[in-house]
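Chemist: Structure provided below as structure tokens; questions to follow.
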Amino acid sequence: MRLDRTFPALAAILLAAVPAAAAQAQSSGDSNPPLGGPVVSGVCYLSREAIFANAKVGKAASARLKQLADQAQSEIATERKPIDADVQSYRSQAASLSADQRQSREQALGQRMQKVQEDQALRSRELEATRVKALGQIAQYAQPVITEAYRTKNCGLLLDRNAVLGGNMANDLTPLVVQGLDAKITTLSFNLEQAPANSGASGGAQ
């Protein structure tokens, strides 16, 4: 009988994946010489991950998501602390207890532990819902900026920069979009989204 102590640093799950992907793309581009070649007229490139990672609003959202994740982690740790103490107390007394007493204590501790784990899972769903909503809001602000950059560069085709193996990247719209998005919005205010409790988990855990 053991309480799962792993409450992930959910900021890593939230927007951390976005700058990580952008950094990976950046580092791979720096370490390998570009293939180059002629500019393909009308073909443009864009990295949404790099936009979210480098735009001021993306950085602000990432910081806010980390703050919410840290708060959730602190709440779970506070809820778990007295249970951990009671588990240690039980372990020190277990040898002197009867089988029925041990069973009763373990059942009670197990129920309390299950409640903490359910709360932890709920916080994870809430944080994920918050992340999705924040990214959606940023995408809404970015879309008209992307459209304007697309028209300004006379693009006829827009490709995901991260899916391109090589070539002349002169028509990469990403820096232009980051600049335009920074001029439009620099921060984003939001709180933790509410997510419904997972009723199926509680029903099957009995």
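Chain labels run A, B, ... following the order of the structure tokens; each chain numbers its residues from 1, and ligands are numbered from 1 in the order shown.
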Find the residues around A:Cys44 up to 7 Å (only C-alpha atoms counted), leave out those fewer than 5 positions away in its own chain, and share them as a PyMOL selection string.

Modeler: chain A and resi 155+157-159+171-173

Chemist: Excluding same-chain residues fewer than 5 positions from A:Gly136, what lies within 12 Å of it counting only C-alpha atoms, as number ranges by chain?

Modeler: A: 48, 52, 58, 61, 129-131, 141-143, 188

Chemist: Pick out each residue of stretch 73-180 of chain A that DSSP on the backbone tags as strand (DSSP E or B); I need them as number ranges by chain.

Modeler: A: 157-160, 172

Chemist: What is the atom CA of A:Ser189 to atom CA of A:Gln67 distance in Å?

Modeler: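 It comes out at 12.1 Å.
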